[in-house]
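Everything below belongs to coords_10.cif, which stores mmCIF, C-alpha atoms.
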```
data_start
#
loop_
_atom_site.label_atom_id
_atom_site.label_comp_id
_atom_site.auth_asym_id
_atom_site.auth_seq_id
_atom_site.Cartn_x
_atom_site.Cartn_y
_atom_site.Cartn_z
CA MET A 1 -55.44 12.57 23.80
CA LYS A 2 -54.01 9.13 24.46
CA LYS A 3 -56.25 7.70 21.73
CA PHE A 4 -55.04 10.40 19.33
CA PHE A 5 -51.36 9.56 19.88
CA ARG A 6 -52.13 5.87 19.59
CA SER A 7 -53.76 6.51 16.20
CA ILE A 8 -50.75 8.54 15.06
CA PHE A 9 -48.38 5.76 16.12
CA ALA A 10 -50.55 3.18 14.36
CA LEU A 11 -50.29 5.27 11.18
CA ILE A 12 -46.51 5.45 11.60
CA SER A 13 -46.48 1.67 12.08
CA LEU A 14 -48.34 1.18 8.79
CA ILE A 15 -45.99 3.53 6.96
CA THR A 16 -42.80 1.90 8.29
CA ALA A 17 -44.14 -1.60 7.57
CA GLY A 18 -45.21 -0.60 4.06
CA THR A 19 -41.87 1.05 3.36
CA LEU A 20 -40.03 -2.08 4.53
CA LEU A 21 -42.08 -4.27 2.19
CA LEU A 22 -41.49 -1.82 -0.63
CA SER A 23 -37.72 -1.89 -0.02
CA VAL A 24 -37.57 -5.65 -0.70
CA ALA A 25 -39.51 -5.20 -3.94
CA THR A 26 -36.22 -4.03 -5.44
CA ALA A 27 -35.02 -7.65 -5.31
CA TYR A 28 -37.84 -8.76 -7.62
CA ILE A 29 -38.32 -5.82 -9.99
CA ASN A 30 -35.71 -5.05 -12.64
CA PRO A 31 -34.35 -1.51 -12.03
CA TYR A 32 -34.61 -0.95 -15.77
CA HIS A 33 -38.37 -0.70 -15.29
CA ALA A 34 -38.46 0.93 -11.83
CA TRP A 35 -34.97 2.20 -11.00
CA ILE A 36 -36.19 4.38 -8.14
CA LEU A 37 -36.98 1.22 -6.12
CA ALA A 38 -33.30 0.25 -6.21
CA PHE A 39 -32.53 3.17 -3.89
CA MET A 40 -34.85 1.74 -1.26
CA GLY A 41 -32.89 -1.51 -1.03
CA PHE A 42 -30.03 0.43 0.59
CA GLY A 43 -32.37 1.43 3.39
CA PHE A 44 -33.54 -2.10 4.17
CA PRO A 45 -31.36 -2.72 7.30
CA LEU A 46 -32.48 0.53 8.93
CA LEU A 47 -36.13 -0.08 8.03
CA TRP A 48 -36.02 -3.63 9.44
CA ILE A 49 -34.56 -2.42 12.75
CA LEU A 50 -37.10 0.41 12.86
CA ASN A 51 -39.95 -2.08 12.47
CA LEU A 52 -38.45 -4.22 15.21
CA ILE A 53 -38.49 -1.21 17.55
CA VAL A 54 -42.11 -0.48 16.65
CA LEU A 55 -42.97 -4.12 17.37
CA LEU A 56 -41.36 -3.93 20.81
CA VAL A 57 -43.29 -0.75 21.63
CA TRP A 58 -46.63 -2.32 20.72
CA ALA A 59 -45.69 -5.52 22.58
CA PHE A 60 -44.86 -3.50 25.70
CA LYS A 61 -48.27 -1.85 25.48
CA LYS A 62 -49.91 -5.22 24.74
CA ARG A 63 -51.81 -3.89 21.75
CA TRP A 64 -52.99 -5.88 18.71
CA GLN A 65 -51.24 -3.34 16.44
CA LEU A 66 -48.03 -5.30 17.03
CA LEU A 67 -49.27 -7.50 14.19
CA ILE A 68 -48.46 -4.71 11.71
CA PRO A 69 -44.66 -4.71 12.15
CA LEU A 70 -44.65 -8.43 13.02
CA ILE A 71 -46.11 -9.42 9.65
CA ALA A 72 -43.69 -7.12 7.82
CA LEU A 73 -40.72 -8.55 9.73
CA LEU A 74 -41.75 -12.15 9.11
CA LEU A 75 -42.30 -11.54 5.39
CA THR A 76 -38.83 -9.99 5.04
CA TYR A 77 -36.90 -12.21 7.47
CA GLY A 78 -35.23 -14.15 4.66
CA HIS A 79 -33.72 -10.90 3.34
CA TRP A 80 -32.63 -9.92 6.85
CA GLN A 81 -30.67 -13.19 7.09
CA ASN A 82 -28.83 -12.19 3.92
CA VAL A 83 -27.93 -8.88 5.56
CA PHE A 84 -27.08 -9.87 9.14
CA GLN A 85 -25.79 -13.00 10.86
CA TRP A 86 -25.22 -13.58 14.58
CA LYS A 87 -22.63 -16.31 14.21
CA GLY A 88 -21.64 -18.62 11.38
CA LYS A 89 -20.28 -22.14 11.20
CA THR A 90 -16.60 -22.58 11.95
CA GLU A 91 -14.30 -25.52 11.38
CA GLN A 92 -10.99 -25.42 13.22
CA GLU A 93 -9.78 -28.84 12.08
CA VAL A 94 -9.41 -28.38 8.34
CA SER A 95 -7.74 -31.78 8.13
CA ILE A 96 -11.04 -33.56 8.83
CA LEU A 97 -12.66 -32.07 5.71
CA ASN A 98 -12.72 -34.32 2.66
CA LYS A 99 -11.95 -31.80 -0.08
CA PRO A 100 -11.50 -28.23 1.27
CA LEU A 101 -10.96 -25.21 -0.97
CA SER A 102 -10.13 -21.82 0.53
CA VAL A 103 -11.29 -18.87 -1.57
CA MET A 104 -10.59 -15.12 -1.41
CA THR A 105 -12.11 -12.31 -3.44
CA PHE A 106 -10.62 -8.81 -3.36
CA ASN A 107 -11.21 -5.64 -5.37
CA VAL A 108 -7.67 -4.27 -5.13
CA ARG A 109 -8.45 -0.86 -6.68
CA MET A 110 -5.59 -0.94 -9.18
CA LEU A 111 -3.28 -2.23 -6.43
CA ASP A 112 -3.38 1.32 -5.04
CA TYR A 113 -1.29 2.55 -7.98
CA TYR A 114 -2.18 6.19 -7.20
CA ASN A 115 -1.84 5.77 -3.42
CA TRP A 116 -5.50 6.55 -2.73
CA SER A 117 -5.28 4.58 0.53
CA GLY A 118 -2.49 6.71 1.96
CA GLU A 119 -0.73 3.48 2.97
CA LYS A 120 2.94 3.35 2.01
CA ASP A 121 3.60 0.50 -0.46
CA ALA A 122 0.00 -0.71 -0.21
CA HIS A 123 0.48 -2.99 -3.22
CA GLU A 124 3.33 -4.79 -1.43
CA LYS A 125 1.11 -5.17 1.64
CA ILE A 126 -1.61 -6.68 -0.56
CA PHE A 127 0.87 -9.28 -1.82
CA ASP A 128 2.07 -9.97 1.74
CA LEU A 129 -1.54 -10.38 2.92
CA ILE A 130 -2.33 -12.90 0.20
CA ARG A 131 0.86 -14.84 0.89
CA LYS A 132 0.04 -14.88 4.61
CA GLU A 133 -3.60 -15.98 4.20
CA ASN A 134 -2.53 -18.33 1.39
CA PRO A 135 -5.97 -19.17 -0.08
CA ASP A 136 -6.21 -21.86 -2.76
CA VAL A 137 -8.04 -19.49 -5.12
CA VAL A 138 -7.85 -15.70 -5.32
CA CYS A 139 -10.24 -13.65 -7.45
CA MET A 140 -9.06 -10.07 -7.98
CA GLN A 141 -11.04 -7.21 -9.46
CA GLU A 142 -9.49 -3.97 -10.73
CA PHE A 143 -6.21 -5.82 -11.28
CA TYR A 144 -3.68 -3.37 -12.72
CA THR A 145 -0.28 -3.60 -14.34
CA ASP A 146 2.13 -1.02 -15.76
CA MET A 147 4.87 -2.53 -17.88
CA LYS A 148 7.12 0.54 -17.41
CA ASN A 149 6.86 0.49 -13.63
CA LYS A 150 8.84 -2.44 -12.28
CA SER A 151 6.83 -2.74 -9.04
CA PHE A 152 3.58 -2.94 -11.00
CA SER A 153 4.71 -5.03 -13.95
CA GLU A 154 2.86 -8.27 -14.56
CA HIS A 155 6.09 -10.23 -14.26
CA TYR A 156 6.86 -8.69 -10.85
CA ILE A 157 3.34 -9.30 -9.51
CA LEU A 158 3.35 -12.93 -10.62
CA ALA A 159 6.76 -13.40 -9.01
CA ARG A 160 5.45 -11.98 -5.72
CA LEU A 161 2.52 -14.40 -5.84
CA ASN A 162 4.51 -17.37 -7.05
CA GLN A 163 2.63 -19.82 -4.83
CA TYR A 164 0.01 -19.77 -7.61
CA LYS A 165 1.17 -21.88 -10.49
CA TYR A 166 -2.01 -21.27 -12.48
CA LYS A 167 -3.67 -17.98 -13.38
CA HIS A 168 -6.36 -16.59 -15.65
CA ILE A 169 -5.73 -12.93 -16.53
CA GLU A 170 -8.00 -10.86 -18.73
CA TYR A 171 -7.72 -7.15 -19.46
CA LYS A 172 -10.36 -4.64 -20.46
CA ALA A 173 -8.99 -4.10 -23.96
CA GLY A 174 -8.55 -7.83 -24.51
CA LYS A 175 -4.82 -7.46 -25.14
CA ARG A 176 -1.77 -6.35 -23.20
CA GLY A 177 -0.47 -2.81 -23.57
CA ARG A 178 1.72 -0.59 -21.44
CA ARG A 179 -1.01 -0.17 -18.80
CA ASN A 180 -3.63 -2.85 -18.25
CA PHE A 181 -6.80 -3.00 -16.17
CA GLY A 182 -8.88 -6.11 -15.64
CA LEU A 183 -9.54 -9.30 -13.68
CA VAL A 184 -7.38 -12.19 -12.54
CA THR A 185 -8.12 -15.55 -10.95
CA PHE A 186 -5.15 -17.23 -9.28
CA SER A 187 -5.31 -20.94 -8.51
CA LYS A 188 -3.14 -23.58 -6.89
CA PHE A 189 -5.02 -26.17 -8.92
CA PRO A 190 -4.75 -26.76 -12.68
CA ILE A 191 -6.89 -24.58 -14.93
CA MET A 192 -8.79 -26.62 -17.51
CA GLU A 193 -10.62 -23.90 -19.45
CA LYS A 194 -10.86 -20.10 -19.57
CA GLN A 195 -13.46 -17.73 -20.95
CA ASN A 196 -13.91 -13.96 -21.00
CA LEU A 197 -17.52 -12.85 -20.46
CA LYS A 198 -17.81 -9.28 -21.76
CA PHE A 199 -20.74 -6.91 -21.36
CA GLU A 200 -21.99 -4.44 -23.93
CA GLN A 201 -21.60 -0.67 -23.52
CA THR A 202 -19.34 -0.90 -20.48
CA SER A 203 -15.76 -1.59 -19.46
CA ASN A 204 -16.86 -3.99 -16.71
CA PHE A 205 -16.79 -7.72 -17.39
CA SER A 206 -16.55 -11.20 -15.84
CA ILE A 207 -14.31 -14.20 -16.40
CA GLN A 208 -15.08 -17.91 -16.15
CA THR A 209 -12.36 -20.33 -15.06
CA ASP A 210 -12.64 -24.11 -14.76
CA ILE A 211 -10.20 -25.69 -12.31
CA ASN A 212 -9.48 -29.31 -11.44
CA VAL A 213 -9.52 -29.79 -7.66
CA LYS A 214 -8.30 -33.33 -7.03
CA GLY A 215 -10.50 -34.78 -9.74
CA SER A 216 -13.46 -32.42 -9.32
CA ARG A 217 -14.07 -29.85 -12.06
CA ILE A 218 -15.22 -26.58 -10.52
CA ARG A 219 -16.30 -23.52 -12.53
CA ILE A 220 -15.31 -20.21 -10.93
CA PHE A 221 -16.91 -16.92 -11.95
CA ASN A 222 -14.91 -13.79 -11.14
CA ASN A 223 -17.10 -10.70 -11.55
CA HIS A 224 -16.82 -6.94 -11.52
CA LEU A 225 -20.26 -5.48 -12.17
CA GLU A 226 -21.07 -1.91 -13.10
CA SER A 227 -19.65 0.77 -10.79
CA ILE A 228 -21.42 4.03 -10.05
CA ARG A 229 -18.17 5.86 -10.84
CA PHE A 230 -18.56 8.89 -8.58
CA ASN A 231 -15.79 11.36 -9.31
CA SER A 232 -13.99 13.35 -6.59
CA GLU A 233 -16.18 16.39 -7.20
CA GLN A 234 -19.35 14.39 -6.55
CA LEU A 235 -17.90 12.78 -3.42
CA ASN A 236 -16.91 16.21 -2.15
CA PHE A 237 -20.45 17.39 -2.88
CA LEU A 238 -21.86 14.62 -0.65
CA ASP A 239 -19.43 15.59 2.12
CA SER A 240 -20.43 19.27 2.00
CA LEU A 241 -24.14 18.89 1.23
CA ASN A 242 -25.20 21.09 4.15
CA HIS A 243 -23.03 23.96 2.94
CA LYS A 244 -24.51 24.17 -0.57
CA ASN A 245 -27.22 26.56 -1.69
CA GLU A 246 -30.48 25.21 -3.08
CA GLN A 247 -29.45 25.43 -6.75
CA GLU A 248 -26.12 23.68 -6.12
CA ARG A 249 -27.85 20.93 -4.15
CA LEU A 250 -30.39 20.42 -6.93
CA GLU A 251 -27.73 20.16 -9.65
CA GLY A 252 -25.52 17.91 -7.54
CA VAL A 253 -28.32 15.54 -6.60
CA LYS A 254 -29.44 15.39 -10.24
CA ALA A 255 -25.95 14.40 -11.42
CA ILE A 256 -25.52 11.78 -8.70
CA THR A 257 -28.95 10.18 -9.18
CA GLY A 258 -28.34 10.11 -12.93
CA LYS A 259 -25.14 8.11 -12.45
CA MET A 260 -26.83 5.78 -9.99
CA ARG A 261 -29.77 5.21 -12.34
CA THR A 262 -27.41 4.24 -15.19
CA ALA A 263 -25.41 1.92 -12.91
CA PHE A 264 -28.57 0.22 -11.58
CA LYS A 265 -29.76 -0.54 -15.10
CA HIS A 266 -26.39 -1.77 -16.38
CA ARG A 267 -25.85 -4.00 -13.33
CA ALA A 268 -29.28 -5.57 -13.71
CA ASN A 269 -28.53 -6.57 -17.31
CA GLN A 270 -25.09 -7.86 -16.36
CA ALA A 271 -26.50 -9.91 -13.48
CA GLU A 272 -29.10 -11.47 -15.77
CA THR A 273 -26.36 -12.41 -18.27
CA ILE A 274 -24.01 -13.95 -15.70
CA GLY A 275 -26.94 -15.53 -13.88
CA ARG A 276 -27.77 -17.48 -17.04
CA HIS A 277 -24.15 -18.63 -17.37
CA ILE A 278 -24.17 -19.81 -13.76
CA ALA A 279 -27.52 -21.61 -14.08
CA ASN A 280 -26.43 -23.34 -17.30
CA SER A 281 -23.04 -24.48 -15.98
CA PRO A 282 -22.60 -28.26 -16.33
CA TYR A 283 -20.18 -28.15 -13.39
CA PRO A 284 -20.54 -27.04 -9.75
CA THR A 285 -19.89 -23.32 -9.45
CA ILE A 286 -18.27 -20.79 -7.15
CA VAL A 287 -19.15 -17.15 -7.80
CA CYS A 288 -16.94 -14.34 -6.52
CA GLY A 289 -16.58 -10.65 -6.97
CA ASP A 290 -17.56 -7.06 -6.57
CA PHE A 291 -21.26 -6.73 -7.45
CA ASN A 292 -21.50 -3.06 -6.43
CA ASP A 293 -24.93 -3.84 -4.99
CA THR A 294 -26.36 -5.01 -1.69
CA PRO A 295 -27.94 -8.31 -0.54
CA VAL A 296 -31.38 -6.71 -0.97
CA SER A 297 -31.21 -6.07 -4.69
CA TYR A 298 -32.22 -7.47 -8.05
CA VAL A 299 -28.53 -8.05 -8.83
CA TYR A 300 -27.96 -10.19 -5.73
CA ARG A 301 -31.01 -12.36 -6.40
CA LYS A 302 -30.12 -12.93 -10.06
CA MET A 303 -26.46 -13.68 -9.36
CA ARG A 304 -27.12 -15.98 -6.43
CA GLY A 305 -29.94 -17.99 -8.02
CA LYS A 306 -30.00 -21.35 -6.24
CA LEU A 307 -26.50 -21.00 -4.82
CA LYS A 308 -25.53 -20.57 -1.17
CA ASP A 309 -24.06 -17.32 0.12
CA ALA A 310 -20.89 -18.08 2.11
CA PHE A 311 -21.55 -15.12 4.41
CA VAL A 312 -25.03 -16.43 5.25
CA GLU A 313 -23.54 -19.87 5.88
CA SER A 314 -20.68 -18.84 8.14
CA GLY A 315 -20.37 -15.05 8.49
CA LYS A 316 -21.33 -12.73 11.32
CA GLY A 317 -22.51 -9.16 11.77
CA PHE A 318 -23.39 -7.00 8.78
CA GLY A 319 -20.19 -7.89 6.93
CA GLY A 320 -19.82 -4.54 5.14
CA THR A 321 -17.10 -4.79 2.49
CA TYR A 322 -17.07 -1.24 1.13
CA ASN A 323 -14.20 0.78 2.61
CA GLY A 324 -14.83 4.25 1.25
CA ARG A 325 -16.29 7.64 2.08
CA LEU A 326 -19.90 6.48 1.76
CA PRO A 327 -21.59 4.20 4.35
CA SER A 328 -20.32 0.62 4.21
CA PHE A 329 -22.49 -2.08 2.66
CA ARG A 330 -21.80 -5.71 1.79
CA ILE A 331 -21.17 -5.45 -1.95
CA ASP A 332 -18.53 -8.20 -2.37
CA PHE A 333 -19.68 -11.81 -2.33
CA ILE A 334 -18.71 -15.48 -2.47
CA PHE A 335 -21.49 -17.86 -3.55
CA HIS A 336 -21.14 -21.60 -4.01
CA ASP A 337 -23.02 -24.67 -5.20
CA LYS A 338 -25.78 -25.77 -2.82
CA ALA A 339 -24.16 -29.21 -2.51
CA PHE A 340 -21.08 -27.61 -0.91
CA LYS A 341 -20.68 -26.37 2.64
CA SER A 342 -18.73 -23.29 3.70
CA TYR A 343 -17.02 -22.39 6.97
CA ASN A 344 -14.90 -19.68 8.57
CA PHE A 345 -16.13 -16.75 6.47
CA LYS A 346 -14.16 -13.64 7.36
CA LYS A 347 -13.61 -10.07 6.29
CA LEU A 348 -10.03 -8.83 6.53
CA ASP A 349 -9.94 -5.31 7.98
CA VAL A 350 -7.09 -3.81 5.99
CA ASP A 351 -7.00 -0.32 4.44
CA TYR A 352 -5.23 -1.14 1.18
CA SER A 353 -8.25 -0.53 -1.08
CA ASP A 354 -11.77 0.89 -1.06
CA HIS A 355 -12.94 -2.72 -0.56
CA PHE A 356 -12.15 -5.21 2.16
CA PRO A 357 -11.05 -8.69 1.04
CA ILE A 358 -13.25 -11.59 2.12
CA MET A 359 -12.43 -15.29 2.50
CA THR A 360 -14.18 -18.57 3.17
CA LEU A 361 -13.40 -22.29 3.37
CA ILE A 362 -15.56 -24.42 1.07
CA GLU A 363 -16.00 -28.17 1.51
CA LEU A 364 -16.43 -29.57 -1.99
CA GLU A 365 -17.12 -33.17 -1.01
CA THR A 366 -19.84 -33.60 1.60
CA SER A 367 -21.72 -36.70 2.69
CA LYS A 368 -24.71 -35.61 0.56
CA ASN A 369 -22.49 -35.55 -2.53
#
```

Please render this file's structure as C-alpha cells.
Amino acid sequence: MKKFFRSIFALISLITAGTLLLSVATAYINPYHAWILAFMGFGFPLLWILNLIVLLVWAFKKRWQLLIPLIALLLTYGHWQNVFQWKGKTEQEVSILNKPLSVMTFNVRMLDYYNWSGEKDAHEKIFDLIRKENPDVVCMQEFYTDMKNKSFSEHYILARLNQYKYKHIEYKAGKRGRRNFGLVTFSKFPIMEKQNLKFEQTSNFSIQTDINVKGSRIRIFNNHLESIRFNSEQLNFLDSLNHKNEQERLEGVKAITGKMRTAFKHRANQAETIGRHIANSPYPTIVCGDFNDTPVSYVYRKMRGKLKDAFVESGKGFGGTYNGRLPSFRIDFIFHDKAFKSYNFKKLDVDYSDHFPIMTLIELETSKN
C-alpha cells in the first residue's frame, strides 16, 4: 500500500512539474498562435509554490523523486524572481546619487469620474498624493478630462499639478473635445520631442516622450495595453458563479474567455510593436504603464527586452498592482535601461482607482556609465 501511494504521489509530482513548465511557455509563445497557454501564466505563482511543497515532502522522505520538482523549480527560477522578491535595494541618502530621477506610473481610471472607488473626491486625493510624493516624472493611463466640469477640466488638473512645467498629453481621438480620454506624461525636466504611438483596431495606445535630465536625453514610453474590458454583468457573473445553472455558466464562461482571447492577441501585437520601438531607441529608455498582463507572459518578455524591471531590482513581495474584484496581479510596470540602477521601489496602497500607483528612484549616471 505504501508503494502504491508513493507511485500516486510521484505521478502528481510529474503532473505539477509539467504544468509549471507549461505555464512559463506562455512567455515564449505568441498568444495569437496558442492563446489558451496565456491563461496558464496567471497560475504560475501557485504552481511554483505547489512544486516547492512537493519538493519539501520528497526531501523529508529522502527520496530521489525530489529531483522532479527541483528541476522544474530551477528551470523556472528566473520567472519566479520576476514575480516575487524578498527585499530590494534601498537608498536613503538620495543626495549621494549622481543623477537621480524619481518615476511614478498610475492608471487613474478616469480620475474616478464616476466614483467607482466610493472615495469622496478621489480625483482630488489623487492630485494630493502626487503632490505629496512629488516624483520627477509621472506617467498616467486612463487620463480623463471634461471641459464642462470644472473639477475635471484640463486647465484645472494642470493647475493642481503645477509643479510639472512640462507635459505630454495625447487623447484617444487625437484631438480635444468636450470629454477626452488618453495618456499623459508629466515631467519636471524639459521635453525635447513627443510622439503618439497608436495601435490598429483598438482605442489603446502608447506615447513616447524624450526629456532632458541635466544634459542626458532619456526616452520615456508611457503605455496602456489592451484591456479585457469586462462589463459589470460579467463581473457579477464571476461573483455568483456557484449560483448559476449549467447553461448560464456555459454561456458566461464562453463570453468571458472570448474577451480574454481577444485581449491576449491584441496585447501580444501591441507589445511586439512597442518592443521594437524600445529596442531601436537611440537613447536610454524608461518604460512605464499598465500592461494588463503578468510578469509570466509574452507581453512582459517583449516589452522588457533587455531592460531591467525596477520591481525586480528593488521591490518586495508579490507587488500586485491590480485593485479590483478579481485576484490581484502585478500588471503595472517600470522598466529602465540596463545601465541604470533603481532603488526604493514601492506600491502606494490607496483606493482611488482599480490600480495601485507604483514608484521607483532611478540612478541615471552610475560608475559603469

ask   = Could you pull the residues within 12 Å of A:Asn149, counting all atoms listed in the file, minus those fewer than 6 positions along the same chain, as a list in words?
value =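 My reading of the contact set: Tyr113, His155, Tyr156, Ile157, Arg178, Arg179 and Asn180 of chain A.
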
remark   = Here atom CA of A:Met110 and atom CA of A:Lys259 stand apart by 21.8 Å

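Neighbouring residues of A:Arg219 at 6 Å or closer, counting all atoms listed in the file and skipping chain neighbours under 2 positions away, are Thr209, Asp210 and Thr285 of chain A.
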
message = If I take atom CA of A:Leu20 and atom CA of A:Asn82, how far is one from the other in Å, to one decimal?
response = 15.1 Å

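When atom CA of A:Ser206 is paired with atom CA of A:Ile362, their separation reads 21.5 Å.
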
Option closest in space to A:Ile49, from A:Asn292, A:Gln65, A:Thr76, A:Gln141 [counting only C-alpha atoms] =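 Checking each candidate against A:Ile49, we get A:Thr76 as the closest.
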